[in-house]
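Content type compact mmCIF, C-alpha atoms, from the file upload-v2.txt:
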# COMPACT_ATOMS: atom_id res chain seq x y z
CA MET A 1 7.38 74.90 -43.85
CA THR A 2 6.61 72.22 -41.28
CA THR A 3 6.99 68.44 -41.49
CA LEU A 4 3.76 66.43 -41.47
CA LEU A 5 3.29 63.32 -39.34
CA TYR A 6 0.68 60.80 -40.46
CA THR A 7 -0.49 58.07 -38.08
CA HIS A 8 -3.68 56.51 -36.71
CA PRO A 9 -4.73 54.62 -33.55
CA ALA A 10 -5.78 51.64 -35.68
CA CYS A 11 -2.11 51.02 -36.45
CA LEU A 12 -1.59 50.32 -32.73
CA GLU A 13 -4.40 47.75 -32.78
CA HIS A 14 -2.81 45.45 -35.36
CA ASP A 15 -2.02 42.63 -32.91
CA THR A 16 0.60 40.16 -34.12
CA GLY A 17 0.56 37.99 -31.00
CA PHE A 18 2.79 37.39 -28.00
CA GLY A 19 6.50 37.66 -28.66
CA HIS A 20 6.22 38.87 -32.26
CA PRO A 21 8.92 41.46 -33.06
CA GLU A 22 6.59 43.59 -35.22
CA CYS A 23 4.48 44.61 -32.24
CA PRO A 24 2.37 47.65 -31.26
CA ALA A 25 5.06 48.70 -28.78
CA ARG A 26 7.22 49.72 -31.76
CA LEU A 27 4.79 52.43 -32.77
CA THR A 28 4.15 53.44 -29.16
CA ALA A 29 7.89 54.04 -28.67
CA ILE A 30 8.03 56.17 -31.81
CA LEU A 31 4.96 58.26 -31.01
CA ASN A 32 6.14 58.83 -27.44
CA VAL A 33 9.43 60.33 -28.59
CA LEU A 34 7.73 62.42 -31.27
CA ARG A 35 5.45 63.93 -28.63
CA THR A 36 8.43 65.46 -26.79
CA SER A 37 9.34 69.13 -27.01
CA PRO A 38 11.98 68.92 -29.79
CA PHE A 39 9.18 67.81 -32.14
CA ALA A 40 6.55 70.34 -31.10
CA ALA A 41 6.49 71.83 -34.60
CA LEU A 42 5.35 68.57 -36.22
CA GLU A 43 1.87 68.77 -37.70
CA TRP A 44 0.01 65.58 -36.77
CA ARG A 45 -2.63 64.27 -39.16
CA ASP A 46 -4.90 61.21 -39.02
CA ALA A 47 -4.20 58.68 -41.73
CA PRO A 48 -7.26 58.04 -43.92
CA GLN A 49 -8.14 54.60 -45.21
CA ALA A 50 -6.75 53.93 -48.67
CA GLU A 51 -9.25 53.75 -51.50
CA ILE A 52 -9.51 50.59 -53.57
CA ALA A 53 -8.36 52.49 -56.67
CA GLN A 54 -5.14 53.43 -54.86
CA LEU A 55 -4.47 49.83 -53.77
CA THR A 56 -5.15 48.28 -57.16
CA ARG A 57 -2.39 50.26 -58.83
CA ILE A 58 -0.11 47.72 -57.09
CA HIS A 59 -2.29 44.81 -55.91
CA PRO A 60 -4.97 43.07 -58.03
CA GLN A 61 -8.42 43.71 -56.61
CA GLY A 62 -9.05 40.00 -56.08
CA HIS A 63 -5.91 39.75 -53.94
CA VAL A 64 -6.96 42.73 -51.82
CA GLU A 65 -10.42 41.25 -51.30
CA ARG A 66 -9.01 37.84 -50.32
CA LEU A 67 -6.53 39.43 -47.92
CA LEU A 68 -9.19 41.47 -46.16
CA ALA A 69 -11.49 38.44 -46.04
CA CYS A 70 -8.81 36.60 -44.04
CA VAL A 71 -9.00 39.15 -41.19
CA PRO A 72 -10.47 37.18 -38.25
CA ARG A 73 -13.35 38.38 -36.11
CA GLN A 74 -11.42 37.24 -33.06
CA GLY A 75 -8.05 35.72 -32.31
CA HIS A 76 -5.35 35.46 -34.97
CA TYR A 77 -4.96 34.20 -38.51
CA ALA A 78 -1.50 33.35 -39.88
CA ILE A 79 -0.82 34.08 -43.55
CA ASP A 80 2.59 32.52 -42.90
CA GLY A 81 4.78 32.00 -39.86
CA ASP A 82 5.75 35.69 -39.78
CA THR A 83 2.66 37.47 -41.07
CA ILE A 84 -0.25 37.52 -38.63
CA LEU A 85 -3.72 39.03 -38.82
CA SER A 86 -5.98 40.08 -35.94
CA PRO A 87 -9.44 41.73 -35.93
CA ARG A 88 -8.11 45.29 -36.51
CA SER A 89 -5.40 44.33 -39.00
CA GLY A 90 -7.52 45.15 -42.05
CA GLU A 91 -8.17 48.71 -40.97
CA ALA A 92 -4.56 49.16 -39.88
CA ALA A 93 -3.33 48.06 -43.30
CA LEU A 94 -5.75 50.39 -45.07
CA ARG A 95 -4.72 53.29 -42.82
CA ALA A 96 -1.02 52.55 -43.42
CA ALA A 97 -1.41 52.66 -47.20
CA GLY A 98 -3.78 55.61 -46.94
CA ALA A 99 -1.28 57.55 -44.87
CA VAL A 100 1.31 57.38 -47.62
CA CYS A 101 -1.15 58.46 -50.33
CA ALA A 102 -2.36 61.36 -48.15
CA ALA A 103 1.24 62.39 -47.44
CA VAL A 104 2.04 62.32 -51.16
CA ASP A 105 -1.01 64.49 -51.84
CA ALA A 106 -0.05 67.02 -49.18
CA VAL A 107 3.59 67.28 -50.21
CA LEU A 108 2.82 67.56 -53.92
CA LYS A 109 0.18 70.22 -53.22
CA GLY A 110 2.79 72.27 -51.33
CA GLU A 111 1.24 71.93 -47.87
CA ALA A 112 4.63 70.76 -46.59
CA SER A 113 7.99 69.92 -48.08
CA ASN A 114 8.10 66.50 -46.45
CA ALA A 115 6.19 64.02 -44.29
CA PHE A 116 6.80 61.00 -42.07
CA CYS A 117 4.27 58.16 -41.94
CA ALA A 118 4.41 56.49 -38.50
CA ILE A 119 2.42 53.42 -39.47
CA ARG A 120 2.21 49.68 -39.20
CA PRO A 121 2.00 47.05 -40.55
CA PRO A 122 5.07 47.75 -42.70
CA GLY A 123 4.94 47.19 -46.44
CA HIS A 124 8.08 46.65 -48.47
CA HIS A 125 7.92 42.82 -48.45
CA ALA A 126 4.29 42.72 -49.64
CA GLU A 127 4.39 41.56 -53.24
CA PRO A 128 1.57 42.42 -55.64
CA LYS A 129 -0.12 39.05 -55.06
CA GLN A 130 1.37 37.92 -51.74
CA ALA A 131 1.45 39.36 -48.21
CA MET A 132 4.60 38.25 -46.40
CA GLY A 133 7.41 39.26 -44.04
CA PHE A 134 5.20 41.14 -41.53
CA CYS A 135 3.80 43.16 -44.47
CA LEU A 136 0.22 43.22 -45.78
CA LEU A 137 0.10 45.99 -48.42
CA GLY A 138 2.96 47.67 -50.28
CA ASN A 139 2.65 51.05 -48.58
CA ALA A 140 5.57 52.87 -50.23
CA ALA A 141 4.86 51.31 -53.63
CA ILE A 142 1.21 52.34 -53.39
CA GLY A 143 2.26 55.90 -52.54
CA ALA A 144 4.72 56.03 -55.43
CA ALA A 145 2.12 54.78 -57.90
CA HIS A 146 -0.36 57.32 -56.53
CA ALA A 147 2.14 60.12 -57.16
CA ARG A 148 2.36 59.21 -60.82
CA ALA A 149 -1.30 58.37 -61.42
CA ALA A 150 -2.96 61.16 -59.45
CA HIS A 151 -0.38 63.92 -59.88
CA GLY A 152 1.18 63.17 -63.24
CA LEU A 153 4.78 62.78 -62.08
CA GLU A 154 7.08 61.06 -64.52
CA ARG A 155 9.92 60.01 -62.21
CA VAL A 156 9.48 58.76 -58.64
CA ALA A 157 12.32 57.24 -56.61
CA ILE A 158 12.15 55.01 -53.54
CA VAL A 159 15.23 54.78 -51.31
CA ASP A 160 14.96 51.78 -48.96
CA PHE A 161 17.46 51.56 -46.10
CA ASP A 162 15.73 48.79 -44.14
CA VAL A 163 18.15 45.97 -43.27
CA HIS A 164 16.04 43.55 -45.35
CA HIS A 165 15.59 43.81 -49.09
CA GLY A 166 12.21 45.18 -50.20
CA ASN A 167 11.27 42.33 -52.52
CA GLY A 168 7.68 43.57 -52.74
CA THR A 169 8.62 47.05 -53.89
CA GLN A 170 11.06 45.63 -56.41
CA ALA A 171 8.45 43.22 -57.76
CA ALA A 172 5.98 46.07 -58.20
CA PHE A 173 8.31 48.27 -60.23
CA GLU A 174 11.04 46.18 -61.86
CA GLN A 175 9.38 46.52 -65.28
CA GLU A 176 8.36 50.18 -64.83
CA ALA A 177 11.00 52.68 -65.96
CA GLY A 178 9.18 55.62 -64.37
CA TYR A 179 10.26 54.39 -60.95
CA LEU A 180 13.73 54.03 -59.46
CA TYR A 181 14.12 51.60 -56.55
CA ILE A 182 17.33 51.73 -54.51
CA SER A 183 17.87 49.32 -51.61
CA THR A 184 20.70 48.96 -49.11
CA HIS A 185 20.31 45.76 -47.09
CA GLN A 186 22.26 43.00 -45.43
CA ALA A 187 23.25 40.24 -47.84
CA HIS A 188 22.22 36.61 -47.41
CA ILE A 189 19.30 37.13 -45.03
CA TYR A 190 15.51 37.24 -45.43
CA PRO A 191 13.95 37.39 -47.99
CA GLY A 192 16.91 36.15 -50.05
CA THR A 193 16.45 38.66 -52.87
CA GLY A 194 18.27 41.88 -53.68
CA ARG A 195 21.37 40.81 -55.55
CA ARG A 196 23.25 43.41 -57.55
CA ASN A 197 22.41 41.66 -60.81
CA GLU A 198 18.68 42.19 -60.20
CA ARG A 199 18.42 45.32 -62.31
CA GLY A 200 14.84 45.37 -63.60
CA VAL A 201 14.79 47.53 -66.72
CA GLY A 202 17.81 49.42 -65.42
CA ASN A 203 15.73 51.01 -62.65
CA ILE A 204 16.64 48.71 -59.74
CA VAL A 205 19.79 49.41 -57.70
CA ASN A 206 20.46 46.76 -55.08
CA ILE A 207 23.32 47.26 -52.66
CA PRO A 208 23.79 44.17 -50.47
CA LEU A 209 26.10 44.80 -47.53
CA LEU A 210 28.08 42.16 -45.68
CA ALA A 211 27.34 41.51 -42.02
CA ASN A 212 28.99 44.04 -39.67
CA SER A 213 29.05 46.79 -42.31
CA GLY A 214 28.70 50.19 -40.70
CA THR A 215 29.22 53.94 -41.03
CA ALA A 216 32.14 53.91 -43.48
CA ASP A 217 30.41 51.37 -45.72
CA LEU A 218 27.20 53.41 -45.80
CA ARG A 219 29.04 56.55 -46.86
CA HIS A 220 30.97 54.63 -49.49
CA VAL A 221 27.88 53.15 -51.15
CA TRP A 222 26.17 56.55 -51.05
CA ARG A 223 29.00 58.06 -53.10
CA GLN A 224 29.49 55.03 -55.35
CA ASP A 225 25.93 53.83 -55.95
CA ILE A 226 23.06 55.82 -54.47
CA GLU A 227 23.92 59.42 -55.31
CA PRO A 228 24.95 58.68 -58.92
CA ALA A 229 21.72 56.71 -59.51
CA LEU A 230 19.58 59.53 -58.12
CA ARG A 231 21.44 62.14 -60.16
CA GLU A 232 20.97 60.17 -63.36
CA PHE A 233 17.25 59.58 -62.66
CA GLN A 234 16.47 63.13 -61.42
CA PRO A 235 13.43 62.18 -59.30
CA GLN A 236 10.54 64.60 -58.96
CA LEU A 237 9.64 62.98 -55.62
CA ILE A 238 11.58 60.70 -53.28
CA LEU A 239 9.89 58.21 -50.99
CA ILE A 240 11.92 56.60 -48.23
CA SER A 241 11.28 53.08 -46.98
CA ALA A 242 12.61 53.96 -43.56
CA GLY A 243 13.55 50.77 -41.77
CA PHE A 244 15.77 51.17 -38.72
CA ASP A 245 16.73 47.52 -38.21
CA ALA A 246 20.23 48.07 -39.60
CA HIS A 247 20.99 49.62 -36.19
CA TYR A 248 23.77 47.85 -34.31
CA LEU A 249 21.40 47.01 -31.43
CA ASP A 250 18.69 45.47 -33.58
CA PRO A 251 18.11 41.76 -32.88
CA LEU A 252 17.06 40.66 -36.40
CA ALA A 253 20.21 41.38 -38.39
CA GLU A 254 23.91 42.24 -38.19
CA LEU A 255 24.62 45.67 -39.63
CA ASN A 256 26.18 48.39 -37.49
CA PHE A 257 24.41 51.65 -38.32
CA ASN A 258 23.66 54.16 -35.58
CA GLU A 259 21.39 57.17 -35.09
CA ASP A 260 23.89 59.55 -36.65
CA ASP A 261 24.04 57.39 -39.77
CA TYR A 262 20.27 57.74 -40.17
CA ARG A 263 20.52 61.50 -39.67
CA TRP A 264 23.33 61.75 -42.23
CA LEU A 265 21.57 59.57 -44.79
CA THR A 266 18.35 61.55 -44.41
CA GLU A 267 20.25 64.77 -45.02
CA GLN A 268 21.80 63.39 -48.20
CA ILE A 269 18.39 62.30 -49.50
CA LEU A 270 16.93 65.72 -48.69
CA ALA A 271 19.74 67.40 -50.60
CA MET A 272 19.03 65.24 -53.66
CA ALA A 273 15.31 65.99 -53.39
CA ALA A 274 16.07 69.71 -53.24
CA GLU A 275 18.20 69.53 -56.36
CA TYR A 276 15.73 67.65 -58.54
CA GLY A 277 12.30 67.51 -56.87
CA GLN A 278 11.67 70.81 -55.08
CA GLY A 279 12.68 69.15 -51.80
CA ARG A 280 9.70 66.81 -51.80
CA VAL A 281 10.16 63.71 -49.61
CA VAL A 282 7.70 61.25 -48.04
CA SER A 283 9.16 58.82 -45.50
CA VAL A 284 7.40 55.56 -44.61
CA LEU A 285 8.15 53.47 -41.53
CA GLU A 286 9.31 49.92 -42.21
CA GLY A 287 11.34 47.82 -39.72
CA GLY A 288 13.23 48.37 -36.47
CA TYR A 289 12.82 46.03 -33.50
CA ASN A 290 14.97 47.23 -30.60
CA LEU A 291 12.61 49.76 -29.05
CA PRO A 292 15.12 52.29 -27.61
CA ALA A 293 17.24 52.15 -30.78
CA LEU A 294 14.14 52.48 -32.95
CA ALA A 295 12.87 55.51 -31.05
CA ALA A 296 16.28 57.21 -31.12
CA SER A 297 16.80 56.47 -34.81
CA VAL A 298 13.36 57.76 -35.79
CA ALA A 299 14.01 60.87 -33.71
CA ALA A 300 17.24 61.52 -35.64
CA HIS A 301 15.49 60.88 -38.96
CA VAL A 302 12.49 63.12 -38.25
CA LYS A 303 14.68 65.87 -36.81
CA ALA A 304 16.56 65.93 -40.11
CA LEU A 305 13.26 66.10 -42.02
CA MET A 306 12.21 69.06 -39.86
CA GLU A 307 15.53 70.80 -40.55
CA ALA A 308 15.17 70.39 -44.32
CA PRO A 309 15.36 74.16 -45.08
CA ARG A 310 18.76 74.43 -43.38
CA ILE A 311 19.99 71.26 -45.05
CA VAL A 312 18.80 72.43 -48.45
CA GLN A 313 20.41 75.85 -48.03
CA ARG A 314 23.70 74.26 -47.02
CA SER A 315 23.52 71.95 -50.04
CA LEU A 316 22.84 74.86 -52.40
CA VAL A 317 25.79 76.84 -51.05
CA LYS A 318 28.04 73.78 -51.37
CA GLY A 319 26.90 73.32 -54.97
CA ILE A 320 27.62 76.96 -55.82
CA LEU A 321 31.12 76.73 -54.33
CA GLU A 322 31.86 73.48 -56.15
CA ARG A 323 30.73 74.94 -59.49
CA ARG A 324 32.88 78.05 -58.94
CA LYS A 325 35.85 75.87 -58.12
CA ALA A 326 35.30 73.72 -61.22
CA LYS A 327 34.97 76.83 -63.39
CA LYS A 328 38.17 78.29 -61.92
CA ASN A 329 40.06 75.03 -62.48
CA ALA A 330 38.82 74.83 -66.07
CA ALA A 331 39.91 78.40 -66.76
CA SER A 332 43.39 77.81 -65.41
CA SER A 333 43.98 74.53 -67.25
Would you kindly transcribe this structure into structure tokens?
Amino acid sequence: MTTLLYTHPACLEHDTGFGHPECPARLTAILNVLRTSPFAALEWRDAPQAEIAQLTRIHPQGHVERLLACVPRQGHYAIDGDTILSPRSGEAALRAAGAVCAAVDAVLKGEASNAFCAIRPPGHHAEPKQAMGFCLLGNAAIGAAHARAAHGLERVAIVDFDVHHGNGTQAAFEQEAGYLYISTHQAHIYPGTGRRNERGVGNIVNIPLLANSGTADLRHVWRQDIEPALREFQPQLILISAGFDAHYLDPLAELNFNEDDYRWLTEQILAMAAEYGQGRVVSVLEGGYNLPALAASVAAHVKALMEAPRIVQRSLVKGILERRKAKKNAASS
């Protein structure tokens, strides 16, 4: 079963101004690499605009209306020093959120086992009542809420490996036990949230990493924190807030992940999804600001999504062997 790719030209027309790191060239670099022959099997789909009912599961209607009213007819409008609107920003934001809802629909209807949403503006900093940090609408949060409201799921997990903490996603769900939010991020940088003691109702798992953390640290926190939390929660669907700014070449932070780390982490998430959620995964683009590193990292991530059947089969065989070994050890003790 193929991997779906959701995107839309409007996402390229969200103009953040000269020198802004969250620029259209990010998406161009991603789409260019995904048009190459290794990704020929991807099924490309246009992202629809999100419906107001989908948005208001996370954002009050008045906030959405005020945000869209700020979109200028020409030039730029600054919500804050980082978060800029231009004439096509409103449509881009609606397409970004709509992409995630459409991907959730397709995956839960069995049209594909997983999907990648190549969209901008990103979303995980957008709080229910405040756009911020390059983000206008909470794309992943909106998709997660859509999965529960429209499809009746009881347990939806979001794994966020962007280098910055997803304060918006946490704010949306920290009092909602039907969601699990897991975030790995660099400690002591923007937005200043994401401490380990921020636990919500027991459904928030924050994993702040010290500057210069890399491959070994990622694998350690997977075993110690992420995998146990997912196993306890048993998600019926996993969304990924896929930020690639923890890459060692990225200019906005100081973690040392590489393309193989993103491939490996994607494979682990797919294995968890296969065990508890019929393999269902929707990945949503967040950050990543060194263009060659971003393109290479997305390529590794999407390639792993496309290879999900092999990864799942390998995981199932490993599980069978581990259970046999445990049974043998128990019998001999």
Legend entry - Selected residue of minimal separation from Val282 in chain A among A:Gly110, A:Pro235, A:Gly138, A:Gly143, counting only C-alpha atoms: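 Under the stated criterion, the closest residue is A:Gly143.
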Inset, instruction - Could you check which of A:Gln175, A:Thr169, A:Thr36, A:Thr56 is closest to Arg199 in chain A, using only C-alpha atoms? - result: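 When distances to Arg199 in chain A are compared using only C-alpha atoms, the smallest one comes from A:Gln175.
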Inset, instruction - Grab the CA of Val205 in chain A to CA of Leu180 in chain A distance for me, in Å with one decimal place. - result: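 Computed distance, CA of Val205 in chain A to CA of Leu180 in chain A, equals 7.8 Å.
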Inset, instruction - Pull the neighbourhood of (2.9, 51.2, -34.1) for me: all residues within 10 Å in file coordinates, counting only C-alpha atoms, as a list of chain:residue names. - result: A:Thr7, A:His8, A:Pro9, A:Ala10, A:Cys11, A:Leu12, A:Glu13, A:His14, A:Asp15, A:Glu22, A:Cys23, A:Pro24, A:Ala25, A:Arg26, A:Leu27, A:Thr28, A:Ala29, A:Ile30, A:Leu31, A:Ala92, A:Ala118, A:Ile119, A:Arg120, A:Pro121, A:Pro122, A:Leu285
Inset, instruction - Determine, counting only C-alpha atoms, which protein, DNA and RNA residues have an atom within 12 Å of an atom of Glu111 in chain A; residues of the same chain fewer than 3 positions away are not included. Present the result as a PyMOL selection string. - result: chain A and resi 1-4+43+102-108+114-115+280
